[in-house]
Every structure is written in C-alpha cells, then in structure tokens.
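Shown here: data24.txt, compact mmCIF, C-alpha atoms and all ligand atoms.
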```
# COMPACT_ATOMS: atom_id res chain seq x y z
CA PHE A 1 -117.70 -65.68 226.47
CA ASN A 2 -115.00 -68.27 226.99
CA ASP A 3 -115.78 -71.46 228.88
CA GLY A 4 -112.43 -73.14 228.11
CA PRO A 5 -110.64 -75.30 230.68
CA LEU A 6 -108.62 -72.36 232.06
CA ARG A 7 -111.46 -69.88 232.36
CA GLY A 8 -110.60 -67.34 235.07
CA VAL A 9 -107.24 -68.99 235.85
CA ARG A 10 -104.28 -66.59 236.08
CA VAL A 11 -101.40 -67.96 234.01
CA LEU A 12 -97.93 -66.44 234.01
CA ILE A 13 -95.64 -67.40 231.14
CA SER A 14 -92.01 -66.44 230.58
CA ALA A 15 -90.68 -66.80 227.03
CA GLY A 16 -87.77 -66.04 224.76
CA PRO A 17 -84.05 -65.69 225.41
CA THR A 18 -82.27 -63.34 227.79
CA PHE A 19 -79.54 -60.96 226.66
CA GLU A 20 -76.73 -60.27 229.08
CA ASP A 21 -74.92 -57.07 228.18
CA ILE A 22 -71.14 -56.97 227.87
CA ASP A 23 -70.86 -53.32 226.80
CA PRO A 24 -73.24 -50.83 225.12
CA VAL A 25 -73.24 -52.77 221.82
CA ARG A 26 -72.53 -56.43 222.71
CA TYR A 27 -74.29 -59.11 224.68
CA LEU A 28 -74.33 -62.82 225.48
CA GLY A 29 -77.54 -64.40 224.18
CA ASN A 30 -78.91 -67.73 223.01
CA ARG A 31 -80.86 -69.14 220.07
CA SER A 32 -84.34 -69.16 221.61
CA SER A 33 -86.85 -67.55 219.21
CA GLY A 34 -89.62 -67.38 221.82
CA ARG A 35 -92.00 -69.23 219.49
CA MET A 36 -92.79 -72.13 221.84
CA GLY A 37 -93.54 -69.81 224.78
CA TYR A 38 -95.64 -67.49 222.60
CA ALA A 39 -97.60 -70.47 221.27
CA VAL A 40 -98.23 -71.57 224.86
CA ALA A 41 -99.42 -68.05 225.73
CA ALA A 42 -101.81 -68.07 222.74
CA ALA A 43 -103.16 -71.51 223.70
CA ALA A 44 -103.64 -70.51 227.35
CA ALA A 45 -105.53 -67.36 226.34
CA ALA A 46 -107.68 -69.39 223.94
CA ALA A 47 -108.46 -71.76 226.85
CA GLY A 48 -109.86 -68.80 228.79
CA ALA A 49 -106.86 -67.96 231.02
CA GLU A 50 -105.91 -64.47 232.09
CA VAL A 51 -102.40 -64.49 230.65
CA CYS A 52 -99.41 -62.40 231.68
CA LEU A 53 -96.46 -62.88 229.32
CA VAL A 54 -92.97 -61.92 230.50
CA SER A 55 -90.88 -61.80 227.35
CA GLY A 56 -87.18 -61.62 226.59
CA PRO A 57 -86.09 -59.90 223.34
CA VAL A 58 -87.98 -61.54 220.44
CA CYS A 59 -89.43 -60.51 217.07
CA LEU A 60 -92.96 -61.74 217.72
CA ASP A 61 -96.33 -60.05 218.07
CA THR A 62 -98.25 -60.44 221.31
CA PRO A 63 -100.74 -63.29 220.76
CA ALA A 64 -104.45 -62.43 220.66
CA GLY A 65 -106.15 -62.54 224.03
CA VAL A 66 -102.99 -62.09 226.12
CA ALA A 67 -103.98 -59.66 228.88
CA ARG A 68 -100.53 -58.25 229.65
CA ARG A 69 -97.01 -58.40 228.22
CA ILE A 70 -93.94 -57.27 230.15
CA ASP A 71 -90.76 -56.92 228.07
CA VAL A 72 -87.43 -57.61 229.72
CA ARG A 73 -83.86 -58.06 228.51
CA SER A 74 -81.65 -59.70 231.14
CA ALA A 75 -82.17 -62.71 233.41
CA GLN A 76 -82.18 -60.39 236.43
CA GLN A 77 -84.96 -58.28 234.88
CA MET A 78 -86.93 -61.45 234.07
CA TYR A 79 -86.40 -62.66 237.64
CA ASP A 80 -87.76 -59.38 239.07
CA ALA A 81 -90.82 -59.33 236.79
CA VAL A 82 -91.66 -63.03 237.30
CA LEU A 83 -91.27 -62.90 241.09
CA THR A 84 -93.55 -59.90 241.31
CA GLU A 85 -96.22 -61.49 239.07
CA ALA A 86 -95.95 -65.06 240.45
CA ARG A 87 -97.56 -64.10 243.76
CA ALA A 88 -100.79 -63.31 241.92
CA SER A 89 -100.70 -66.29 239.53
CA ASP A 90 -102.27 -69.74 239.69
CA ILE A 91 -99.95 -71.36 237.13
CA TYR A 92 -96.42 -70.41 236.10
CA ILE A 93 -95.05 -71.85 232.84
CA ALA A 94 -91.32 -71.19 232.49
CA ALA A 95 -90.66 -71.42 228.76
CA ALA A 96 -87.83 -68.90 228.63
CA ALA A 97 -84.24 -69.82 227.80
CA VAL A 98 -82.66 -67.95 230.67
CA GLY A 99 -78.94 -67.27 230.41
CA ASP A 100 -77.12 -69.19 233.14
CA TYR A 101 -74.36 -66.56 233.37
CA ARG A 102 -73.93 -62.82 232.87
CA PRO A 103 -70.77 -60.75 232.52
CA LYS A 104 -69.67 -59.73 236.01
CA GLY A 105 -69.68 -56.08 235.03
CA VAL A 106 -71.03 -54.13 232.03
CA ALA A 107 -68.37 -51.92 230.41
CA GLU A 108 -69.48 -48.31 230.21
CA HIS A 109 -67.96 -47.83 226.75
CA LYS A 110 -67.54 -50.08 223.73
CA MET A 111 -64.60 -52.38 224.41
CA LYS A 112 -61.60 -52.07 222.10
CA LYS A 113 -59.42 -54.76 220.54
CA ARG A 114 -56.31 -55.60 222.47
CA ASP A 115 -53.60 -55.91 219.77
CA GLY A 116 -53.77 -59.70 219.70
CA ALA A 117 -53.80 -60.17 223.46
CA PRO A 118 -56.50 -62.62 224.62
CA LEU A 119 -59.56 -61.22 226.34
CA THR A 120 -61.09 -62.91 229.38
CA LEU A 121 -64.72 -62.27 230.30
CA GLU A 122 -65.53 -62.96 233.90
CA LEU A 123 -69.06 -64.34 234.37
CA ALA A 124 -71.36 -64.44 237.38
CA GLU A 125 -74.15 -67.00 237.76
CA ASN A 126 -77.72 -65.78 237.27
CA PRO A 127 -80.44 -66.61 239.79
CA ASP A 128 -82.71 -69.57 238.97
CA ILE A 129 -86.14 -68.03 238.42
CA LEU A 130 -88.15 -71.26 238.64
CA ALA A 131 -86.43 -72.38 241.81
CA ALA A 132 -87.14 -69.00 243.39
CA VAL A 133 -90.84 -69.22 242.46
CA ALA A 134 -90.96 -72.80 243.81
CA ALA A 135 -89.61 -71.48 247.12
CA LEU A 136 -92.48 -68.99 247.56
CA ASP A 137 -94.90 -69.71 250.41
CA ALA A 138 -97.89 -70.13 248.12
CA SER A 139 -96.25 -71.08 244.85
CA PRO A 140 -98.35 -71.46 241.70
CA PHE A 141 -98.68 -74.75 239.81
CA LEU A 142 -95.23 -74.96 238.21
CA VAL A 143 -94.37 -76.11 234.71
CA GLY A 144 -90.76 -76.07 233.51
CA PHE A 145 -89.15 -76.75 230.16
CA ALA A 146 -86.03 -78.79 229.65
CA ALA A 147 -84.30 -78.37 226.30
CA GLU A 148 -81.51 -80.90 226.04
CA THR A 149 -79.27 -82.22 223.32
CA ARG A 150 -78.97 -85.69 224.93
CA ASP A 151 -80.43 -87.93 227.69
CA VAL A 152 -83.59 -85.81 227.59
CA GLU A 153 -85.74 -87.82 230.01
CA THR A 154 -83.05 -88.41 232.61
CA TYR A 155 -82.11 -84.72 232.84
CA ALA A 156 -85.77 -83.67 232.80
CA ARG A 157 -86.76 -86.02 235.64
CA ASP A 158 -83.84 -84.73 237.67
CA LYS A 159 -84.99 -81.12 237.06
CA LEU A 160 -88.58 -81.94 238.05
CA GLU A 161 -87.38 -83.21 241.45
CA ARG A 162 -84.63 -80.67 242.05
CA LYS A 163 -86.72 -77.62 241.16
CA LYS A 164 -89.89 -79.03 242.84
CA LEU A 165 -92.01 -78.72 239.68
CA ASP A 166 -95.49 -80.10 239.04
CA MET A 167 -94.73 -80.87 235.40
CA ILE A 168 -91.83 -80.59 232.99
CA ALA A 169 -91.96 -80.45 229.20
CA ALA A 170 -88.80 -81.94 227.81
CA ASN A 171 -87.57 -81.63 224.27
CA GLN A 172 -84.59 -82.66 222.22
CA VAL A 173 -82.83 -79.72 220.58
CA GLY A 174 -81.44 -80.24 217.09
CA GLY A 175 -82.40 -82.11 213.91
CA GLY A 176 -84.99 -79.48 212.91
CA LEU A 177 -86.61 -79.48 216.35
CA GLY A 178 -86.48 -77.06 219.23
CA PHE A 179 -84.71 -73.72 219.00
CA GLU A 180 -85.43 -71.59 215.92
CA ALA A 181 -87.55 -74.40 214.45
CA GLU A 182 -91.26 -74.47 213.49
CA ASP A 183 -91.73 -77.98 214.89
CA ASN A 184 -91.14 -79.48 218.24
CA ALA A 185 -91.86 -82.74 220.06
CA LEU A 186 -92.33 -82.91 223.81
CA THR A 187 -92.23 -85.50 226.55
CA LEU A 188 -94.41 -84.41 229.46
CA ILE A 189 -93.23 -85.69 232.80
CA ASP A 190 -94.98 -85.36 236.14
CA ARG A 191 -94.89 -87.34 239.36
CA GLN A 192 -97.32 -89.92 237.97
CA GLY A 193 -95.44 -90.76 234.79
CA SER A 194 -94.65 -89.53 231.32
CA GLU A 195 -96.38 -89.02 228.01
CA THR A 196 -94.94 -88.14 224.61
CA LEU A 197 -96.57 -85.56 222.36
CA PRO A 198 -95.23 -86.44 218.92
CA ARG A 199 -93.62 -84.02 216.49
CA CYS A 200 -95.95 -81.35 215.17
CA ASP A 201 -96.00 -77.58 214.83
CA LYS A 202 -95.55 -75.52 217.97
CA ARG A 203 -99.11 -74.19 217.88
CA GLU A 204 -100.69 -77.66 218.02
CA LEU A 205 -98.16 -78.82 220.56
CA ALA A 206 -98.92 -75.83 222.77
CA GLN A 207 -102.66 -76.60 222.65
CA ALA A 208 -102.00 -80.20 223.74
CA LEU A 209 -99.67 -79.01 226.49
CA ILE A 210 -102.24 -76.52 227.82
CA ALA A 211 -104.93 -79.24 227.86
CA ARG A 212 -102.64 -81.48 230.00
CA ILE A 213 -101.69 -78.62 232.31
CA ALA A 214 -105.35 -77.65 232.82
CA ALA A 215 -106.28 -81.26 233.66
CA GLN A 216 -103.44 -81.64 236.19
CA PHE A 217 -104.03 -78.21 237.70
CA HIS A 218 -107.71 -78.92 238.36
CA ALA A 219 -106.93 -82.44 239.63
CA GLN A 220 -104.49 -81.03 242.19
CA ARG A 221 -106.52 -78.01 243.22
CA PRO A 222 -110.20 -78.87 242.95
CA SER A 223 -112.16 -75.61 242.97
O1 LIG A 301 -81.72 -74.05 231.96
P1 LIG A 301 -82.46 -75.26 232.46
O2 LIG A 301 -82.43 -76.41 231.54
O3 LIG A 301 -82.13 -75.60 233.89
O4 LIG A 301 -83.98 -74.78 232.47
C1 LIG A 301 -84.98 -75.58 233.02
C2 LIG A 301 -86.14 -74.71 233.39
O5 LIG A 301 -85.71 -73.72 234.35
C3 LIG A 301 -86.75 -73.91 232.25
O6 LIG A 301 -88.14 -73.95 232.45
C4 LIG A 301 -86.18 -72.51 232.41
O7 LIG A 301 -87.08 -71.52 231.95
C5 LIG A 301 -86.00 -72.43 233.91
N1 LIG A 301 -84.88 -71.56 234.33
C6 LIG A 301 -85.12 -70.49 235.17
N2 LIG A 301 -84.08 -69.68 235.58
C7 LIG A 301 -82.82 -69.95 235.20
C8 LIG A 301 -82.55 -71.04 234.35
C9 LIG A 301 -83.62 -71.83 233.93
O8 LIG A 301 -86.27 -70.25 235.53
N3 LIG A 301 -81.83 -69.14 235.63
```

As structure tokens - that is how I would like this structure written.
Ligand code: C5P
Amino acid sequence: FNDGPLRGVRVLISAGPTFEDIDPVRYLGNRSSGRMGYAVAAAAAAAGAEVCLVSGPVCLDTPAGVARRIDVRSAQQMYDAVLTEARASDIYIAAAAVGDYRPKGVAEHKMKKRDGAPLTLELAENPDILAAVAALDASPFLVGFAAETRDVETYARDKLERKKLDMIAANQVGGGLGFEAEDNALTLIDRQGSETLPRCDKRELAQALIARIAAQFHAQRPS
C-alpha cells in the first residue's frame, strides 16, 4: 500500500532523446541519456503515482513501479503517443530532449558519397509537444525542462510563459552536469518564484522535484 503524495495521480512522463531518420542507417539525434526523465519516473512511482513513461531510444531499464512504458523513436511518434496519453493524465512532465528538426524526407536506401560534392540536408521543424498539450481543453498540470548552456533562468522564465507551463525545471548543461552526466542541479521556476535544488545525483534530485510538483499540484487542484 502506497500513501505517498501522488497516490492515485496519473503522471505522464516523456524522456530520452528523439532520433530523426535520414536514411535506413543514419539519423539526427542528441546527447540525452534519458537518465533524468527515468529518475523522475522512478520517483513519481515511488510517490504512489500511476506512471506512463513515453521513452525515446535509451539504454535504460524501466524503473520499478512504472505502470506502462511506450517506446518511440522520432519526435512525431513521441507527439502522437503523448497527445493520446495526455488526455487521461493529471500531470505531464516533459523531460525528453525532443529534436527541433527532422530531415524533410527519409531516403529509401543508404545514401552514397558524392565524389567530394557538398551534401545539403533539408530540415523541417518538428511540432512542439508541450505547447500542443498546453493547448488541450483540459490540460494536465504541466512541467517542462529547460536545458541551456547560458542565461538559464532568463530562457526558462520565457519558456514558462510562452508554453503556458505550471512549472519549469531549468538546468545548465556542461561542466559535468546535465546531458550524459550522473549529477544535475535544477532551478525550479513557477509563477510564484524560483528555488534552486543544488547539485546532487539525478535520483535525489528527481525525488525533490517530485515532492515540489506534488505540493504545487495539490495546491492548485484541491481534491
Ligand atoms: O527544446 P526546449 O528547450 O524548448 O524544451 C523545453 C521543453 O519543451 C522541454 O520540456 C521539452 O521536453 C519540451 N519540448 C517539446 N517538444 C518539442 C521541443 C521541446 O515538448 N518539439
């Protein structure tokens, strides 16, 4: 029996990178390991939530207690899965590093070298998953991540407003923090103010983040 702060709350989490195929053997990806999102999923499940994890390609086991995991590859696939699940979720935590662009077309066969001639890849913009969830009639409590290499708080605050989020977890990438790292440090920003969770391992950080999300969620939607 779990009487944690998210008991019975349906939490949707997206995690990991997206891979955007160029041809049958190549893709555009990014350096997200999925570890932060998976740690958040583990912490939410431990807090009693019914967790659905939508995951890009990662080398991680599904955390204990996660009710459902949906594996996707591209941003479009993640968009489809998240939009379907979001309608039946109370909280959506967008921890995935979604590719902003995809190749305009996927070559049917492996592309060949061009004898020294330059190759141009034409890219099309991917849909913004969080913004689409925010635009739903009954949108869940929304938590975004902002991984930046500079001006972390300014960019994060801007994203909170622009994407109509309830909370944003901002982190500086680089210097042993963020992508591919064991440790992270987060600044949590909501409409009331901001709070910094100092550097520690992603598991502890995820537990602190889930505690803050649970408190805000219940404050906004008293049950
Ligand atoms: O990429 P960006 O810094 O704008 O990401 C901020 C937040 O928006 C993250 O939570 C990320 O998961 C989400 N996002 C999204 N769909 C995109 C790009 C980002 O949901 N296409």

Taking only C-alpha atoms and all ligand atoms into account, which residues have an atom no farther than 6 Å from ligand LIG 301 (chain A)? I'd like them as a PDB file with C-alpha atoms, in the coordinates of the input.
```pdb
ATOM      1  CA  ALA A  94     -91.320 -71.190 232.490  1.00  0.00           C
ATOM      2  CA  ALA A  95     -90.660 -71.420 228.760  1.00  0.00           C
ATOM      3  CA  ALA A  96     -87.830 -68.900 228.630  1.00  0.00           C
ATOM      4  CA  ALA A  97     -84.240 -69.820 227.800  1.00  0.00           C
ATOM      5  CA  VAL A  98     -82.660 -67.950 230.670  1.00  0.00           C
ATOM      6  CA  ASP A 100     -77.120 -69.190 233.140  1.00  0.00           C
ATOM      7  CA  ASN A 126     -77.720 -65.780 237.270  1.00  0.00           C
ATOM      8  CA  PRO A 127     -80.440 -66.610 239.790  1.00  0.00           C
ATOM      9  CA  ASP A 128     -82.710 -69.570 238.970  1.00  0.00           C
ATOM     10  CA  ILE A 129     -86.140 -68.030 238.420  1.00  0.00           C
ATOM     11  CA  LEU A 130     -88.150 -71.260 238.640  1.00  0.00           C
ATOM     12  CA  GLY A 144     -90.760 -76.070 233.510  1.00  0.00           C
ATOM     13  CA  PHE A 145     -89.150 -76.750 230.160  1.00  0.00           C
ATOM     14  CA  ALA A 146     -86.030 -78.790 229.650  1.00  0.00           C
ATOM     15  CA  ALA A 147     -84.300 -78.370 226.300  1.00  0.00           C
TER      16      ALA A 147
END
```

Residue neighbourhood Glu20 (chain A), 6 Å, all atoms listed in the file, exclusion window fewer than 5 positions, as a PyMOL selection string: chain A and resi 27-28+74+102

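The space separating CA of Arg31 (chain A) from CA of Thr18 (chain A) comes to 9.8 Å.
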
For region 140-151 of chain A, take all atoms listed in the file, fit an axis-aligned box around them, add 8 Å to each of the six sides, then output centre and edge lengths in Å rounded to one decimal, as JSON.
```
{"center_x": -88.8, "center_y": -79.7, "center_z": 232.5, "size_x": 35.7, "size_y": 32.5, "size_z": 34.4}
```

Interatomic distance, CA of Ala206 (chain A) to CA of Val54 (chain A) (Å, one decimal):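 CA of Val54 (chain A) lies at a distance of 17.0 Å from CA of Ala206 (chain A).
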
Among the residues A:Arg10, A:Arg87, A:Arg150, A:Arg35, the one that comes closest to Ala138 (chain A) [using all atoms listed in the file]: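 Among the listed residues, the smallest separation from Ala138 (chain A) belongs to A:Arg87.
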
Shell of 7 Å around Ala47 (chain A), only C-alpha atoms, local chain residues under 4 positions omitted, as number ranges by chain: A: 4-7, 43
